[in-house]
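A.B. asks: I have a structure I would like to understand better, so I am pasting it below and will then ask my questions one at a time.
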Protein chains: 2
Amino acid sequence: MQGKHYLMIPGPTSVPPPVMAARSMPVIGHRSEDFVKLYQRVEEKIKKVFQTQNDVFIFTNSGTGGLETAVANVLNPGDRVLSLIIGNFGERFANIAKAYGAVIDEVNFDWGKDVDLRLVEDKLNSGPGYKAVLVTQNETSTGVLNDIAGVGALIDGTDALLLVDGVSGVGGIEIKADEWKVDVLVTASQKAFMLPPGLAMVSVSNKTWGVIERNVSPRFYFSLPAARKSFANWNTAYTPNVSLFMGLDAALEMMLNEGLKNVYDRHLLLARATRAAVKAIGLSLLVEDHCASPTVTAVYAPEGVGADDLRKVLREEFGVTFAGGQGILKGKIFRIAHMGFADRMDIIIAVSALEMALARLGYPVELGVGLRAAQKIFLGEGEVA
Amino acid sequence: MQGKHYLMIPGPTSVPPPVMAARSMPVIGHRSEDFVKLYQRVEEKIKKVFQTQNDVFIFTNSGTGGLETAVANVLNPGDRVLSLIIGNFGERFANIAKAYGAVIDEVNFDWGKDVDLRLVEDKLNSGPGYKAVLVTQNETSTGVLNDIAGVGALIDGTDALLLVDGVSGVGGIEIKADEWKVDVLVTASQKAFMLPPGLAMVSVSNKTWGVIERNVSPRFYFSLPAARKSFANWNTAYTPNVSLFMGLDAALEMMLNEGLKNVYDRHLLLARATRAAVKAIGLSLLVEDHCASPTVTAVYAPEGVGADDLRKVLREEFGVTFAGGQGILKGKIFRIAHMGFADRMDIIIAVSALEMALARLGYPVELGVGLRAAQKIFLGEGEVA
């Protein structure tokens, strides 16, 4: 049926009606008093999500542009960088730094694992004196959550800057930018912030500003000094997507009305239910419990069922879109997002469709068994399916 | 979570995004060429849904106003009327006729049963020569579908007019206004037409126009002669809700794009799945299979669980709103609508929430058992749960 589609990919995520409505209000001028007030409202709220006293700059581009903003303002050619890579987006972050001529020391962890802090400590102790450490908070390609507090504690007291890709985490997973010593935190609109793609949010620590001022890398659109100069007058350096700003204002209002702790607990609950359901169905999870992402769950397709065949049946017959695997996991896993505007019934839909699609493909699934496991989690009866 | 609410009452029903978008377009003047074209488009499409060659008039009021339009233009004080009553809305239709001074011969069937055609035949043979017969296509209060073709066949060839309340049926359940000898068919926007409340649609047979012309009952807003006069110029007699007309245009487009047979089959499938799930859970249906409504299913609350307590848990804890019982069924049943913009995953949500709410209230439900029954229907595996 037209319009009955369930988008369950780890971004873009679905947009709630109040955010839709806010984005549908008349466009305002970006150099108007209305925009100044809008930016002030948004800034006050987004600092609560970032848990930071630093300024959060909002750029009109997607998350990758946000990561490039972090790199272009901090790294000069020849700078030594430690890249902690646990998946596709860790690789991308490193590739951006390479594009700016940085010399990358990559530490690759198996896809599906989180960063091993002992290895990071060793690298920091034995390394060349890194200008920056790049790490992903929540690796979208595998559904792994890294211990940013742990990485931050290791870097604290060194000269290195901690640049964190929080694109698929911030807003759905707690992050304490200041307490955890995050120097540049980057996130984007189309994930837990429940907006379409188009905005990146970037916080910058005082420690970072000293580095930025001496940076010689070419940048114009991504210039943090230009952003800061305009921000002093509650403005952006270049034309902002005013409609997305209005939507962000509404989305943040929803999140704060729900309560950030409730938002984070909801994501954890949905992840638990998804994992319990998948296990009850008899499928294997890519990621162990201790580092499982609250916003996206990666699942191995069972023996004899192609992950992408399964996704095709899910999409075409049941209207449900899961993400596929990336890189080395392509064709092997599928990923179920429970991110942003997602609640219990979305998991029920996902699991129900998964069971039916598996049945359709001849996999011997006991219909309802995953659903019951999810229902038990929602009823507070715990993980015993 | 704000915005995650599932409205599953038999009208108003939820509105699909394309219809929302159409209703959000700029308002047009109701005496403009744009409106003429809009009414022409809507009329061409709605006649396909009604399966009629007669004109379908569209009034800016809810369904009850549509029923009053039928009565006020047909019945004079003292006219003899046969009212076939199987529930709350059959009673309402009779009450409107009473308000216009008609003398009502009521035939009441038990709530939960359909009209017994043999009784209708007896009444027509022994009665006073009825001016009109009033009947409900789909009784919203009980979830019973009447055999309108059967009633029409009995009236065909008599002087009586067949006035049909199709408010919660038309658009979701096939009706053949001309072939089934329906003289006045009334429906409304907020049920299977996937719109908010505010429009009633009324078709009028040639046989009826002869009666309308001699009618002396007071009417102005509800005047069919006034409507017909304006309709000759593709207009309405009084100011129409132009935004809902735009929405109706979009909703009809969706329905015809899906294919009316597919729309009706979808409603039948959802009703079957709902009924199978309810039975698998161990609850009792109000209505037998042979006359079960494709658009709404009435279920007895189990022993020891109040229907309205159950509805409260469903609404407050799971965000799902079912309807309660009306009249003599108040507190005894709840009603699940699967009407209009509804598809398989809505049934999954309804059944999942029902199971969890029953568990919450201490009813010994085996979680997942109703879901499995619904899934089997959706997979084409039939009613054996």
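Identifiers for the structure tokens are assigned positionally: chains receive A, B, ... in sequence, residues are indexed from 1 per chain, and ligands are indexed from 1 in the order shown.
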With 10 Å as the cut-off and only C-alpha atoms counted, what is the closest atom pair between each nearby residue of chain A and chain B? Distances in Å to one decimal, ordered by chain and number, as JSON lines.

C.D. replies:
{"residue": "A:Met1", "atom": "CA", "partner": "B:Glu258", "partner_atom": "CA", "distance": 6.9}
{"residue": "A:Gln2", "atom": "CA", "partner": "B:Met254", "partner_atom": "CA", "distance": 7.2}
{"residue": "A:Gly3", "atom": "CA", "partner": "B:Pro16", "partner_atom": "CA", "distance": 6.5}
{"residue": "A:Lys4", "atom": "CA", "partner": "B:Asp343", "partner_atom": "CA", "distance": 7.2}
{"residue": "A:His5", "atom": "CA", "partner": "B:Met345", "partner_atom": "CA", "distance": 9.7}
{"residue": "A:Tyr6", "atom": "CA", "partner": "B:Met345", "partner_atom": "CA", "distance": 9.4}
{"residue": "A:Pro16", "atom": "CA", "partner": "B:Gly3", "partner_atom": "CA", "distance": 6.6}
{"residue": "A:Pro17", "atom": "CA", "partner": "B:Gly3", "partner_atom": "CA", "distance": 6.8}
{"residue": "A:Pro18", "atom": "CA", "partner": "B:Gly3", "partner_atom": "CA", "distance": 7.7}
{"residue": "A:Ser24", "atom": "CA", "partner": "B:Ser24", "partner_atom": "CA", "distance": 9.6}
{"residue": "A:Met254", "atom": "CA", "partner": "B:Gln2", "partner_atom": "CA", "distance": 7.2}
{"residue": "A:Met255", "atom": "CA", "partner": "B:Gln2", "partner_atom": "CA", "distance": 9.2}
{"residue": "A:Asn257", "atom": "CA", "partner": "B:Gln2", "partner_atom": "CA", "distance": 8.8}
{"residue": "A:Glu258", "atom": "CA", "partner": "B:Met1", "partner_atom": "CA", "distance": 6.9}
{"residue": "A:Asn262", "atom": "CA", "partner": "B:Met1", "partner_atom": "CA", "distance": 9.2}
{"residue": "A:Val263", "atom": "CA", "partner": "B:Met1", "partner_atom": "CA", "distance": 8.7}
{"residue": "A:Arg266", "atom": "CA", "partner": "B:Met1", "partner_atom": "CA", "distance": 8.9}
{"residue": "A:Phe318", "atom": "CA", "partner": "B:Arg344", "partner_atom": "CA", "distance": 8.2}
{"residue": "A:Gly319", "atom": "CA", "partner": "B:Met345", "partner_atom": "CA", "distance": 9.1}
{"residue": "A:Val320", "atom": "CA", "partner": "B:Met345", "partner_atom": "CA", "distance": 9.7}
{"residue": "A:Phe341", "atom": "CA", "partner": "B:Lys4", "partner_atom": "CA", "distance": 8.2}
{"residue": "A:Ala342", "atom": "CA", "partner": "B:Lys4", "partner_atom": "CA", "distance": 8.1}
{"residue": "A:Asp343", "atom": "CA", "partner": "B:Met1", "partner_atom": "CA", "distance": 7.0}
{"residue": "A:Arg344", "atom": "CA", "partner": "B:Phe318", "partner_atom": "CA", "distance": 8.2}
{"residue": "A:Met345", "atom": "CA", "partner": "B:Ile349", "partner_atom": "CA", "distance": 6.1}
{"residue": "A:Asp346", "atom": "CA", "partner": "B:Ile349", "partner_atom": "CA", "distance": 8.6}
{"residue": "A:Ile347", "atom": "CA", "partner": "B:Ile349", "partner_atom": "CA", "distance": 9.9}
{"residue": "A:Ile348", "atom": "CA", "partner": "B:Ile349", "partner_atom": "CA", "distance": 6.9}
{"residue": "A:Ile349", "atom": "CA", "partner": "B:Met345", "partner_atom": "CA", "distance": 6.1}
{"residue": "A:Ala350", "atom": "CA", "partner": "B:Met345", "partner_atom": "CA", "distance": 9.4}
{"residue": "A:Ser352", "atom": "CA", "partner": "B:Ile348", "partner_atom": "CA", "distance": 7.4}
{"residue": "A:Ala353", "atom": "CA", "partner": "B:Met345", "partner_atom": "CA", "distance": 8.3}
{"residue": "A:Glu355", "atom": "CA", "partner": "B:Gln375", "partner_atom": "CA", "distance": 8.7}
{"residue": "A:Met356", "atom": "CA", "partner": "B:Gln375", "partner_atom": "CA", "distance": 6.8}
{"residue": "A:Ala357", "atom": "CA", "partner": "B:Leu379", "partner_atom": "CA", "distance": 9.1}
{"residue": "A:Ala359", "atom": "CA", "partner": "B:Leu379", "partner_atom": "CA", "distance": 8.3}
{"residue": "A:Arg360", "atom": "CA", "partner": "B:Leu379", "partner_atom": "CA", "distance": 7.5}
{"residue": "A:Glu366", "atom": "CA", "partner": "B:Arg372", "partner_atom": "CA", "distance": 8.5}
{"residue": "A:Leu367", "atom": "CA", "partner": "B:Arg372", "partner_atom": "CA", "distance": 5.3}
{"residue": "A:Gly368", "atom": "CA", "partner": "B:Arg372", "partner_atom": "CA", "distance": 4.8}
{"residue": "A:Val369", "atom": "CA", "partner": "B:Gly368", "partner_atom": "CA", "distance": 6.6}
{"residue": "A:Gly370", "atom": "CA", "partner": "B:Gly368", "partner_atom": "CA", "distance": 8.3}
{"residue": "A:Leu371", "atom": "CA", "partner": "B:Gly368", "partner_atom": "CA", "distance": 5.9}
{"residue": "A:Arg372", "atom": "CA", "partner": "B:Gly368", "partner_atom": "CA", "distance": 4.8}
{"residue": "A:Ala373", "atom": "CA", "partner": "B:Gly368", "partner_atom": "CA", "distance": 8.6}
{"residue": "A:Ala374", "atom": "CA", "partner": "B:Gly368", "partner_atom": "CA", "distance": 9.5}
{"residue": "A:Gln375", "atom": "CA", "partner": "B:Met356", "partner_atom": "CA", "distance": 6.8}
{"residue": "A:Lys376", "atom": "CA", "partner": "B:Leu367", "partner_atom": "CA", "distance": 8.0}
{"residue": "A:Phe378", "atom": "CA", "partner": "B:Met356", "partner_atom": "CA", "distance": 8.4}
{"residue": "A:Leu379", "atom": "CA", "partner": "B:Met356", "partner_atom": "CA", "distance": 7.0}

A.B. asks: List every residue of range 278-329 of chain B that DSSP, applied to the backbone of this structure, assigns to strand (DSSP E), and report them as a list in words.

C.D. replies: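 In range 278-329 of chain B, DSSP puts these residues in strand (DSSP E): Val296, Thr297, Ala298, Val299, Tyr300, Val320, Thr321, Phe322, Ala323 and Gly324 of chain B.
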
A.B. asks: Residues of the last selection are to be written out with N, CA and C atoms, as a PDB file, in the first residue's frame.

C.D. replies:
ATOM      1  N   VAL B 296     -13.887  -3.142  10.689  1.00  0.00           N
ATOM      2  CA  VAL B 296     -13.780  -3.019  12.148  1.00  0.00           C
ATOM      3  C   VAL B 296     -14.168  -4.345  12.794  1.00  0.00           C
ATOM      4  N   THR B 297     -13.410  -4.722  13.822  1.00  0.00           N
ATOM      5  CA  THR B 297     -13.622  -6.004  14.492  1.00  0.00           C
ATOM      6  C   THR B 297     -13.916  -5.767  15.971  1.00  0.00           C
ATOM      7  N   ALA B 298     -15.049  -6.292  16.412  1.00  0.00           N
ATOM      8  CA  ALA B 298     -15.452  -6.155  17.823  1.00  0.00           C
ATOM      9  C   ALA B 298     -15.070  -7.425  18.577  1.00  0.00           C
ATOM     10  N   VAL B 299     -14.491  -7.214  19.762  1.00  0.00           N
ATOM     11  CA  VAL B 299     -13.958  -8.316  20.560  1.00  0.00           C
ATOM     12  C   VAL B 299     -14.482  -8.181  21.987  1.00  0.00           C
ATOM     13  N   TYR B 300     -14.947  -9.295  22.556  1.00  0.00           N
ATOM     14  CA  TYR B 300     -15.329  -9.274  23.974  1.00  0.00           C
ATOM     15  C   TYR B 300     -14.089  -9.207  24.848  1.00  0.00           C
ATOM     16  N   VAL B 320      -1.617   2.802  21.751  1.00  0.00           N
ATOM     17  CA  VAL B 320      -2.577   2.255  20.790  1.00  0.00           C
ATOM     18  C   VAL B 320      -3.998   2.545  21.269  1.00  0.00           C
ATOM     19  N   THR B 321      -4.791   3.161  20.393  1.00  0.00           N
ATOM     20  CA  THR B 321      -6.169   3.486  20.766  1.00  0.00           C
ATOM     21  C   THR B 321      -7.149   2.603  20.010  1.00  0.00           C
ATOM     22  N   PHE B 322      -7.846   1.746  20.751  1.00  0.00           N
ATOM     23  CA  PHE B 322      -8.981   0.999  20.222  1.00  0.00           C
ATOM     24  C   PHE B 322     -10.249   1.740  20.642  1.00  0.00           C
ATOM     25  N   ALA B 323     -11.352   1.454  19.955  1.00  0.00           N
ATOM     26  CA  ALA B 323     -12.635   2.020  20.365  1.00  0.00           C
ATOM     27  C   ALA B 323     -13.280   1.118  21.414  1.00  0.00           C
ATOM     28  N   GLY B 324     -14.165   1.716  22.211  1.00  0.00           N
ATOM     29  CA  GLY B 324     -14.905   0.942  23.195  1.00  0.00           C
ATOM     30  C   GLY B 324     -16.240   0.472  22.628  1.00  0.00           C
TER      31      GLY B 324
END

A.B. asks: Any idea what's packed within 9 Å of Lys332 in chain B, counting only C-alpha atoms, ignoring anything in its chain fewer than 3 positions away? Could you give it as a PyMOL selection string?

C.D. replies: chain B and resi 299-302+306-308+324-325+328-329

A.B. asks: Got a sec: who's within 6 Å of range 285-294 of chain A, counting only C-alpha atoms, leaving out chain neighbours fewer than 3 positions off, as a PyMOL selection string?

C.D. replies: chain A and resi 112+143-145+267-268+271+298-299

A.B. asks: Which residues come within 8 Å of Ala97 in chain B, counting only C-alpha atoms, excluding same-chain residues fewer than 2 positions away, as a short mmCIF file (atom, residue, chain, number, x, y, z; two decimals) with C-alpha atoms, in the first residue's frame?

C.D. replies:
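Okay, out.cif is ready:
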data_model
loop_
_atom_site.label_atom_id
_atom_site.label_comp_id
_atom_site.auth_asym_id
_atom_site.auth_seq_id
_atom_site.Cartn_x
_atom_site.Cartn_y
_atom_site.Cartn_z
CA GLU B 68 -29.99 13.90 7.48
CA VAL B 71 -33.96 11.92 5.20
CA ALA B 72 -34.78 15.62 4.88
CA LEU B 75 -39.37 11.98 4.01
CA PHE B 93 -30.62 6.74 11.16
CA ALA B 94 -34.12 5.90 12.48
CA ASN B 95 -33.92 8.79 14.96
CA ALA B 99 -37.05 13.95 13.87
CA TYR B 100 -38.62 14.66 10.49
CA GLY B 101 -41.96 13.21 11.58
CA ALA B 102 -41.76 9.92 9.75
CA ILE B 104 -40.97 4.32 11.83
#

A.B. asks: DSSP says alpha helix (DSSP H) for which residues of range 66-117 of chain B? Put them as a count of residues only?

C.D. replies: 22

A.B. asks: Taking only C-alpha atoms into account, name the residue in A:Thr158, A:Ser284, A:Asn76, A:Ser168 that is nearest to Lys207 in chain A.

C.D. replies: A:Thr158

A.B. asks: For Arg41 in chain A, work out the shell of residues within 12 Å, counting only C-alpha atoms and skipping chain neighbours fewer than 2 positions away, then give it as a PyMOL selection string.

C.D. replies: chain A and resi 34-39+43-48+234+245-253

A.B. asks: With N, CA and C atoms kept, could you save the residues just selected as a compact mmCIF listing (two decimals), in the first residue's frame?

C.D. replies:
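Written out: again28.txt:
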# COMPACT_ATOMS: atom_id res chain seq x y z
N ASP A 34 14.75 37.07 13.35
CA ASP A 34 14.12 35.76 13.58
C ASP A 34 15.17 34.64 13.59
N PHE A 35 16.12 34.73 12.67
CA PHE A 35 17.15 33.69 12.63
C PHE A 35 18.04 33.75 13.85
N VAL A 36 18.37 34.96 14.28
CA VAL A 36 19.19 35.12 15.49
C VAL A 36 18.52 34.42 16.66
N LYS A 37 17.23 34.66 16.83
CA LYS A 37 16.50 34.03 17.95
C LYS A 37 16.46 32.51 17.79
N LEU A 38 16.27 32.08 16.55
CA LEU A 38 16.22 30.64 16.27
C LEU A 38 17.56 29.98 16.63
N TYR A 39 18.65 30.59 16.21
CA TYR A 39 19.98 30.01 16.49
C TYR A 39 20.22 30.01 18.00
N GLU A 43 20.95 26.65 19.95
CA GLU A 43 22.26 26.53 20.61
C GLU A 43 22.10 26.16 22.08
N GLU A 44 21.16 26.81 22.74
CA GLU A 44 20.96 26.53 24.16
C GLU A 44 20.61 25.05 24.36
N LYS A 45 19.79 24.53 23.44
CA LYS A 45 19.33 23.15 23.59
C LYS A 45 20.40 22.14 23.17
N ILE A 46 21.11 22.44 22.09
CA ILE A 46 22.04 21.42 21.59
C ILE A 46 23.25 21.28 22.52
N LYS A 47 23.57 22.34 23.25
CA LYS A 47 24.66 22.23 24.24
C LYS A 47 24.30 21.24 25.34
N LYS A 48 23.01 21.13 25.63
CA LYS A 48 22.59 20.13 26.63
C LYS A 48 22.79 18.71 26.10
N TRP A 234 25.32 35.48 16.38
CA TRP A 234 24.28 34.46 16.20
C TRP A 234 23.93 34.30 14.73
N PHE A 245 17.05 24.27 10.32
CA PHE A 245 17.24 24.88 11.65
C PHE A 245 15.91 24.89 12.41
N MET A 246 14.83 25.26 11.71
CA MET A 246 13.51 25.28 12.37
C MET A 246 13.12 23.87 12.79
N GLY A 247 13.44 22.90 11.95
CA GLY A 247 13.15 21.51 12.31
C GLY A 247 14.00 21.05 13.49
N LEU A 248 15.27 21.47 13.50
CA LEU A 248 16.17 21.09 14.60
C LEU A 248 15.66 21.66 15.92
N ASP A 249 15.18 22.88 15.85
CA ASP A 249 14.60 23.51 17.04
C ASP A 249 13.46 22.64 17.59
N ALA A 250 12.59 22.19 16.69
CA ALA A 250 11.45 21.36 17.11
C ALA A 250 11.90 19.98 17.59
N ALA A 251 12.89 19.41 16.90
CA ALA A 251 13.38 18.08 17.29
C ALA A 251 14.03 18.13 18.68
N LEU A 252 14.83 19.16 18.90
CA LEU A 252 15.47 19.30 20.22
C LEU A 252 14.42 19.50 21.30
N GLU A 253 13.39 20.25 20.97
CA GLU A 253 12.30 20.47 21.93
C GLU A 253 11.64 19.14 22.29

A.B. asks: For Asp183 in chain B, find every residue with an atom within 6 Å (counting only C-alpha atoms), except residues of its own chain fewer than 3 positions away, and show them as number ranges by chain.

C.D. replies: B: 161-163, 204-205

A.B. asks: Go ahead and dump the residues you just picked, N, CA and C atoms, as a JSON list (two decimals), in the first residue's frame.

C.D. replies:
[["chain", "number", "residue", "atom", "x", "y", "z"],
["B", 161, "LEU", "N", -38.00, 3.53, -1.41],
["B", 161, "LEU", "CA", -36.63, 3.94, -1.71],
["B", 161, "LEU", "C", -35.68, 3.28, -0.71],
["B", 162, "LEU", "N", -34.53, 2.87, -1.19],
["B", 162, "LEU", "CA", -33.53, 2.26, -0.31],
["B", 162, "LEU", "C", -32.47, 3.31, 0.04],
["B", 163, "LEU", "N", -32.49, 3.72, 1.31],
["B", 163, "LEU", "CA", -31.51, 4.70, 1.80],
["B", 163, "LEU", "C", -30.46, 3.95, 2.61],
["B", 204, "VAL", "N", -27.69, 9.98, -5.45],
["B", 204, "VAL", "CA", -29.15, 10.04, -5.50],
["B", 204, "VAL", "C", -29.61, 9.43, -6.82],
["B", 205, "SER", "N", -30.52, 8.45, -6.74],
["B", 205, "SER", "CA", -31.01, 7.78, -7.95],
["B", 205, "SER", "C", -32.10, 8.62, -8.63]]

A.B. asks: Can you work out which one of A:Val242, A:Val278, A:Ile173, A:Ala153 has the shortest atom-to-atom distance to Gly198 in chain A, counting only C-alpha atoms?

C.D. replies: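 The shortest atom-to-atom distance to Gly198 in chain A comes from A:Val242.
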
A.B. asks: So what do you get for CA of Asn73 in chain A versus CA of Val211 in chain A, distance-wise?

C.D. replies: 8.1 Å

A.B. asks: What is the CA of Gly166 in chain B to CA of Met25 in chain B distance in Å?

C.D. replies: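 That distance, rounded to one decimal, is 28.9 Å.
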
A.B. asks: For each of A:Thr60, A:Met20, A:Met8, A:Gly340, take the minimum atom-to-atom distance to Lys191 in chain A, counting only C-alpha atoms, then give the residue where this is smallest.

C.D. replies: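 Going through A:Thr60, A:Met20, A:Met8, A:Gly340 one by one, the smallest distance to Lys191 in chain A is for A:Gly340.
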